[in-house]
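> query-v1.cif is the file, holding mmCIF, C-alpha atoms:
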data_entry
loop_
_atom_site.label_atom_id
_atom_site.label_comp_id
_atom_site.auth_asym_id
_atom_site.auth_seq_id
_atom_site.Cartn_x
_atom_site.Cartn_y
_atom_site.Cartn_z
CA MET H 55 150.04 -138.69 88.60
CA ARG H 56 150.99 -140.13 92.00
CA LEU H 57 152.15 -136.69 93.15
CA GLY H 58 148.85 -135.19 92.04
CA CYS H 59 146.85 -137.79 93.95
CA THR H 60 148.97 -137.18 97.05
CA PHE H 61 148.37 -133.42 96.75
CA VAL H 62 144.61 -133.92 96.43
CA GLY H 63 144.69 -136.27 99.41
CA LEU H 64 146.48 -133.68 101.54
CA ILE H 65 143.92 -131.04 100.58
CA MET H 66 141.06 -133.35 101.51
CA GLN H 67 142.68 -134.03 104.89
CA LYS H 68 143.04 -130.34 105.64
CA MET H 69 139.62 -129.37 104.31
CA ASP H 70 136.81 -128.87 106.78
CA ARG H 71 134.52 -131.70 105.70
CA SER H 72 131.49 -129.96 107.18
CA ILE H 73 131.47 -127.86 104.02
CA PHE H 74 129.70 -130.69 102.18
CA PRO H 75 126.57 -131.09 104.35
CA ASN H 76 126.46 -127.32 104.91
CA ALA H 77 126.51 -126.77 101.13
CA LEU H 78 123.51 -129.09 100.81
CA THR H 79 121.72 -127.16 103.56
CA LEU H 80 122.34 -123.90 101.72
CA LEU H 81 121.15 -125.51 98.49
CA ASN H 82 117.91 -126.27 100.34
CA LEU H 83 117.66 -122.59 101.30
CA ILE H 84 118.43 -121.28 97.80
CA ALA H 85 115.91 -123.62 96.18
CA GLY H 86 113.30 -122.32 98.64
CA CYS H 87 114.14 -118.71 97.78
CA VAL H 88 113.80 -119.40 94.05
CA ALA H 89 110.51 -121.23 94.68
CA VAL H 90 109.14 -118.11 96.37
CA LEU H 91 110.36 -116.01 93.43
CA ALA H 92 108.74 -118.40 90.95
CA LEU H 93 105.42 -118.16 92.77
CA LEU H 94 105.42 -114.38 92.92
CA THR H 95 106.37 -113.98 89.27
CA GLY H 96 103.89 -116.53 87.91
CA HIS H 97 106.46 -119.18 86.89
CA HIS H 98 104.49 -121.90 88.62
CA ASN H 99 105.91 -124.75 86.54
CA TYR H 100 109.14 -124.47 88.54
CA LEU H 101 107.46 -124.82 91.93
CA VAL H 102 107.28 -128.61 92.22
CA PRO H 103 110.88 -129.37 91.15
CA LEU H 104 112.22 -126.62 93.41
CA VAL H 105 110.31 -127.88 96.45
CA LEU H 106 111.45 -131.42 95.71
CA LEU H 107 115.05 -130.19 95.39
CA SER H 108 114.72 -128.53 98.80
CA GLY H 109 113.37 -131.75 100.27
CA VAL H 110 116.14 -133.91 98.81
CA ALA H 111 118.84 -131.48 99.98
CA ASP H 112 117.26 -131.31 103.45
CA PHE H 113 117.29 -135.10 103.69
CA ALA H 114 120.78 -135.50 102.23
CA ASP H 115 122.58 -132.97 104.42
CA GLY H 116 121.95 -135.03 107.54
CA LEU H 117 123.01 -138.25 105.82
CA VAL H 118 126.23 -136.71 104.58
CA ALA H 119 126.99 -135.12 107.97
CA ARG H 120 126.57 -138.48 109.72
CA ALA H 121 128.58 -140.32 107.07
CA LEU H 122 131.48 -137.88 107.42
CA GLY H 123 131.18 -137.64 111.19
CA VAL H 124 130.81 -133.85 111.09
CA GLN H 125 127.47 -133.29 112.83
CA SER H 126 127.60 -129.95 114.62
CA GLU H 127 125.46 -127.35 116.31
CA LEU H 128 126.20 -124.96 113.45
CA GLY H 129 124.83 -127.48 110.95
CA ARG H 130 121.75 -127.99 113.05
CA GLN H 131 121.05 -124.25 113.25
CA LEU H 132 121.70 -123.76 109.52
CA ASP H 133 119.28 -126.59 108.78
CA SER H 134 116.50 -124.89 110.72
CA LEU H 135 117.21 -121.50 109.14
CA ALA H 136 117.02 -123.04 105.67
CA ASP H 137 113.83 -124.87 106.57
CA VAL H 138 112.17 -121.60 107.61
CA ILE H 139 112.44 -120.56 103.96
CA SER H 140 111.80 -123.84 102.16
CA PHE H 141 109.16 -125.23 104.52
CA GLY H 142 107.85 -122.02 106.05
CA MET H 143 108.04 -119.20 103.54
CA VAL H 144 107.20 -121.37 100.52
CA PRO H 145 103.87 -122.77 101.84
CA GLY H 146 102.97 -119.33 103.19
CA THR H 147 103.60 -117.84 99.74
CA ILE H 148 101.52 -120.55 98.08
CA PHE H 149 98.55 -119.60 100.25
CA TYR H 150 99.24 -115.90 99.61
CA VAL H 151 99.17 -116.43 95.83
CA LEU H 152 96.00 -118.51 96.08
CA LEU H 153 94.33 -115.68 98.01
CA ALA H 154 95.75 -112.72 96.08
CA GLY H 155 97.27 -113.84 92.79
CA PRO H 156 100.88 -113.08 91.77
CA ASN H 157 102.37 -109.61 91.27
CA GLU H 158 99.96 -107.94 93.64
CA LEU H 159 100.08 -106.68 97.22
CA TYR H 160 96.76 -107.75 98.70
CA TRP H 161 96.50 -107.08 102.42
CA PRO H 162 93.68 -109.58 103.15
CA ALA H 163 96.05 -112.31 101.93
CA VAL H 164 98.86 -111.39 104.35
CA PRO H 165 97.53 -113.78 107.07
CA ALA H 166 98.87 -116.55 104.81
CA PHE H 167 102.27 -115.83 106.37
CA LEU H 168 101.01 -116.85 109.78
CA LEU H 169 101.90 -120.31 108.48
CA THR H 170 105.48 -119.09 108.01
CA ALA H 171 105.56 -117.66 111.54
CA PHE H 172 104.28 -120.90 113.09
CA ALA H 173 106.76 -122.93 111.01
CA ALA H 174 109.60 -120.80 112.40
CA PHE H 175 108.25 -121.27 115.92
CA ARG H 176 108.00 -125.03 115.41
CA LEU H 177 111.56 -125.27 114.09
CA GLY H 178 112.92 -123.30 117.03
CA LYS H 179 110.93 -125.48 119.41
CA PHE H 180 112.19 -128.64 117.71
CA ASN H 181 115.82 -127.62 118.26
CA ILE H 182 115.43 -127.51 122.04
CA ASP H 183 112.84 -130.26 122.52
CA GLU H 184 114.60 -133.45 123.60
CA ARG H 185 111.40 -135.48 123.23
CA GLN H 186 111.64 -135.43 119.43
CA ASN H 187 114.72 -137.58 118.96
CA LEU H 188 112.77 -140.63 117.73
CA GLY H 189 109.52 -139.11 116.50
CA PHE H 190 107.80 -135.77 116.25
CA ILE H 191 105.57 -133.66 118.45
CA GLY H 192 103.36 -131.70 116.10
CA LEU H 193 103.26 -131.74 112.30
CA PRO H 194 106.78 -131.56 110.78
CA THR H 195 107.30 -128.56 108.51
CA PRO H 196 108.22 -130.67 105.43
CA ALA H 197 104.94 -132.60 105.80
CA CYS H 198 103.04 -129.32 106.06
CA THR H 199 104.74 -128.07 102.89
CA LEU H 200 103.95 -131.28 101.01
CA PHE H 201 100.29 -130.91 101.96
CA VAL H 202 100.18 -127.29 100.77
CA LEU H 203 102.01 -128.21 97.56
CA GLY H 204 99.58 -131.08 96.96
CA TYR H 205 96.63 -128.78 97.64
CA TRP H 206 98.05 -126.29 95.13
CA LEU H 207 98.29 -129.06 92.51
CA TRP H 208 94.65 -130.04 93.06
CA ILE H 209 93.65 -126.45 92.31
CA GLN H 210 96.01 -125.98 89.36
CA GLN H 211 94.86 -129.21 87.72
CA ASP H 212 91.22 -128.71 88.72
CA ALA H 213 91.26 -132.30 89.97
CA PHE H 214 87.77 -133.84 89.97
CA GLY H 215 86.37 -130.37 89.26
CA LEU H 216 87.13 -129.21 92.82
CA ALA H 217 89.32 -126.19 92.02
CA ALA H 218 86.54 -123.64 92.59
CA ILE H 219 85.66 -125.12 95.99
CA PHE H 220 89.28 -125.52 97.08
CA SER H 221 89.97 -121.91 96.10
CA GLU H 222 87.31 -120.47 98.41
CA SER H 223 88.95 -117.95 100.74
CA TYR H 224 87.19 -119.26 103.86
CA LEU H 225 88.64 -122.72 103.23
CA LEU H 226 92.12 -121.31 102.60
CA TYR H 227 92.04 -119.27 105.81
CA GLY H 228 90.82 -122.34 107.66
CA LEU H 229 93.71 -124.43 106.33
CA ILE H 230 96.23 -121.75 107.27
CA ALA H 231 94.91 -121.73 110.82
CA GLY H 232 94.60 -125.52 111.07
CA LEU H 233 98.08 -126.29 109.74
CA SER H 234 99.63 -123.59 111.92
CA ILE H 235 98.07 -125.11 115.03
CA LEU H 236 99.04 -128.64 114.02
CA MET H 237 102.71 -127.68 113.69
CA VAL H 238 102.93 -126.57 117.32
CA ALA H 239 100.31 -128.88 118.83
CA GLU H 240 101.32 -131.44 121.46
CA ILE H 241 100.35 -134.31 119.16
CA PRO H 242 102.84 -137.20 118.76
CA MET H 243 103.51 -138.14 115.14
CA PHE H 244 105.56 -141.06 113.92
CA SER H 245 108.82 -140.70 112.04
CA PHE H 246 109.78 -142.70 108.96
CA LYS H 247 112.89 -144.28 110.48
CA PHE H 248 112.43 -148.06 110.39
CA LYS H 249 113.74 -150.19 113.25
CA GLY H 250 114.98 -152.95 111.02
CA LEU H 251 112.59 -154.69 108.63
CA GLN H 252 110.52 -156.61 111.17
CA TRP H 253 106.80 -155.93 111.56
CA ALA H 254 106.93 -155.38 115.33
CA GLY H 255 107.69 -151.76 116.10
CA ASN H 256 107.20 -150.70 112.48
CA GLU H 257 103.50 -151.50 112.04
CA ILE H 258 102.29 -147.95 111.46
CA LYS H 259 105.13 -147.23 109.05
CA PHE H 260 104.49 -150.32 106.94
CA ILE H 261 100.78 -149.52 106.77
CA PHE H 262 101.49 -145.96 105.69
CA ALA H 263 104.15 -147.00 103.16
CA ALA H 264 101.86 -149.56 101.52
CA THR H 265 99.02 -147.06 101.34
CA ALA H 266 101.36 -144.42 99.90
CA VAL H 267 102.47 -146.74 97.09
CA VAL H 268 98.87 -147.45 96.09
CA ALA H 269 97.90 -143.77 96.34
CA VAL H 270 100.82 -142.64 94.16
CA ILE H 271 99.99 -145.28 91.54
CA LEU H 272 96.36 -144.14 91.41
CA LEU H 273 96.72 -140.38 91.88
CA ARG H 274 100.37 -139.65 91.09
CA GLU H 275 101.29 -136.14 92.33
CA LEU H 276 97.72 -135.58 93.51
CA ALA H 277 98.39 -138.12 96.25
CA LEU H 278 100.53 -135.65 98.22
CA ALA H 279 97.80 -133.84 100.14
CA PRO H 280 95.69 -136.95 100.92
CA LEU H 281 98.79 -138.80 102.15
CA VAL H 282 99.69 -136.01 104.58
CA LEU H 283 96.12 -136.07 105.88
CA LEU H 284 96.43 -139.84 106.28
CA TYR H 285 99.74 -139.35 108.13
CA ILE H 286 98.08 -136.97 110.58
CA LEU H 287 95.07 -139.25 111.07
CA LEU H 288 97.15 -142.40 111.56
CA SER H 289 99.38 -140.63 114.08
CA ILE H 290 96.41 -139.39 116.10
CA VAL H 291 94.74 -142.82 116.08
CA TRP H 292 97.97 -144.74 116.72
CA TYR H 293 99.10 -142.72 119.70
CA GLY H 294 95.58 -142.01 120.93
CA VAL H 295 94.43 -145.64 121.08
CA THR H 296 97.73 -147.03 122.37
CA PRO H 297 99.61 -144.19 124.08
CA LYS H 298 103.38 -144.54 123.64
CA LYS H 299 106.41 -142.46 122.84
CA ALA H 300 106.58 -141.10 119.32
CA THR H 301 108.69 -143.41 117.18
#
Go ahead and express the file in the form of structure tokens.

Amino acid sequence: MRLGCTFVGLIMQKMDRSIFPNALTLLNLIAGCVAVLALLTGHHNYLVPLVLLSGVADFADGLVARALGVQSELGRQLDSLADVISFGMVPGTIFYVLLAGPNELYWPAVPAFLLTAFAAFRLGKFNIDERQNLGFIGLPTPACTLFVLGYWLWIQQDAFGLAAIFSESYLLYGLIAGLSILMVAEIPMFSFKFKGLQWAGNEIKFIFAATAVVAVILLRELALAPLVLLYILLSIVWYGVTPKKAT
């Protein structure tokens, strides 16, 4: 038994520990690919868990990399490449399906993938923008995806009888354009990293967190899209009224 433990210990010492966060990053990518496949084949019930899996993996890979002390440029680039699929291709495909329906090539719906193109541009910009260490400049791609997913749920559940209105093509095209612009706009947006638990310096985050709890209790999964809209509005008001660095 002791010999076996020693052998395992030696293997762990020799193993490149970056394999663990990189595996999570690739899990994010694979979940995004399967989410696209589910959308295009009409298996919509898999969409929400797959997007959530992508989000969890995207969050966890950074935590694991920091915990193991294996942060690297390769990991950073892999993370952005995976995000192009999970938080670029997936929301673009959602809009495509809303405009065209599954299993059909419908050219007027192709502009939905402008959202994917702008997400890729934003991710590339994020990698070289040193201003975004503490907060964000422009709408983060995961937030954009959560909005689109929430919007999809409102339509699928015909929440408050608004499905017909929310499915109007002019509104969908408008959202594609608006979200694309927001992702690359020079608009500071706060991050969700708390500076301790004190009120000072965390005011906007506490306000958003409290509102999010109430919204989720009242609306459950339908709270996703309204909360992203609130996030955008609070960021604009917060940094517009009292200009400061994004935090």
> Restricting the calculation to only C-alpha atoms, which member of H:Ala89, H:Arg176, H:Leu281, H:Gly129 is positioned closest to Gly204 of chain H?
H:Leu281
> Rank nothing, just name the residue among H:Gln210, H:Asn181, H:Thr170, H:Asn256 nearest to Leu233 of chain H, using all atoms listed in the file.
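For Leu233 of chain H, the nearest of the given residues is H:Thr170.
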> To test your reading of the syntax: which residues would the PyMOL selection byres ((chain H and resi 110) around 12) return for the file shown? Reply as a ChimeraX atom specification.
/H:78-79,81-83,85-86,103-109,111-118,140,196
> Residues at most 8 Å from Leu80 of chain H, counting only C-alpha atoms, excluding those fewer than 4 positions away in the same chain, as number ranges by chain?
H: 76, 84, 132, 136
> If the PyMOL selection byres ((chain H and resi 171) around 12) were run on this exact file, what residues would it hold? Put them as a short mmCIF file (atom, residue, chain, number, x, y, z; two decimals) with C-alpha atoms, keeping the file's coordinate frame.

data_model
loop_
_atom_site.label_atom_id
_atom_site.label_comp_id
_atom_site.auth_asym_id
_atom_site.auth_seq_id
_atom_site.Cartn_x
_atom_site.Cartn_y
_atom_site.Cartn_z
CA VAL H 138 112.17 -121.60 107.61
CA ILE H 139 112.44 -120.56 103.96
CA PHE H 141 109.16 -125.23 104.52
CA GLY H 142 107.85 -122.02 106.05
CA MET H 143 108.04 -119.20 103.54
CA VAL H 144 107.20 -121.37 100.52
CA PRO H 145 103.87 -122.77 101.84
CA GLY H 146 102.97 -119.33 103.19
CA THR H 147 103.60 -117.84 99.74
CA VAL H 164 98.86 -111.39 104.35
CA PRO H 165 97.53 -113.78 107.07
CA ALA H 166 98.87 -116.55 104.81
CA PHE H 167 102.27 -115.83 106.37
CA LEU H 168 101.01 -116.85 109.78
CA LEU H 169 101.90 -120.31 108.48
CA THR H 170 105.48 -119.09 108.01
CA PHE H 172 104.28 -120.90 113.09
CA ALA H 173 106.76 -122.93 111.01
CA ALA H 174 109.60 -120.80 112.40
CA PHE H 175 108.25 -121.27 115.92
CA ARG H 176 108.00 -125.03 115.41
CA LEU H 177 111.56 -125.27 114.09
CA GLY H 178 112.92 -123.30 117.03
CA THR H 195 107.30 -128.56 108.51
CA ILE H 230 96.23 -121.75 107.27
CA ALA H 231 94.91 -121.73 110.82
CA LEU H 233 98.08 -126.29 109.74
CA SER H 234 99.63 -123.59 111.92
CA ILE H 235 98.07 -125.11 115.03
CA MET H 237 102.71 -127.68 113.69
CA VAL H 238 102.93 -126.57 117.32
#
> Can you list, as a PyMOL selection string, every protein, DNA or RNA residue that comes within 9 Å of segment 259-264 of chain H when you count all atoms listed in the file, leaving out same-chain residues fewer than 3 positions away?
chain H and resi 244-248+253+255-256+267-269+281+284-285+288
> Write the residues you've just listed into a file as an mmCIF file, in the coordinates of the input, and include C-alpha atoms for each of them.

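Saved to part_13.cif:
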data_model
loop_
_atom_site.group_PDB
_atom_site.id
_atom_site.type_symbol
_atom_site.label_atom_id
_atom_site.label_comp_id
_atom_site.auth_asym_id
_atom_site.auth_seq_id
_atom_site.Cartn_x
_atom_site.Cartn_y
_atom_site.Cartn_z
ATOM 1 C CA PHE H 244 105.560 -141.060 113.920
ATOM 2 C CA SER H 245 108.820 -140.700 112.040
ATOM 3 C CA PHE H 246 109.780 -142.700 108.960
ATOM 4 C CA LYS H 247 112.890 -144.280 110.480
ATOM 5 C CA PHE H 248 112.430 -148.060 110.390
ATOM 6 C CA TRP H 253 106.800 -155.930 111.560
ATOM 7 C CA GLY H 255 107.690 -151.760 116.100
ATOM 8 C CA ASN H 256 107.200 -150.700 112.480
ATOM 9 C CA VAL H 267 102.470 -146.740 97.090
ATOM 10 C CA VAL H 268 98.870 -147.450 96.090
ATOM 11 C CA ALA H 269 97.900 -143.770 96.340
ATOM 12 C CA LEU H 281 98.790 -138.800 102.150
ATOM 13 C CA LEU H 284 96.430 -139.840 106.280
ATOM 14 C CA TYR H 285 99.740 -139.350 108.130
ATOM 15 C CA LEU H 288 97.150 -142.400 111.560
#
> Please determine an axis-aligned box that encloses all atoms of segment 223-240 of chain H listed in the file, with 8 Å added on each side, and express its centre and edge lengths in Å to one decimal as JSON.

{"center_x": 95.1, "center_y": -124.7, "center_z": 111.1, "size_x": 31.7, "size_y": 29.5, "size_z": 36.7}
> Do you have the atom CA of Ile191 of chain H-atom CA of Leu236 of chain H distance handy?
9.4 Å
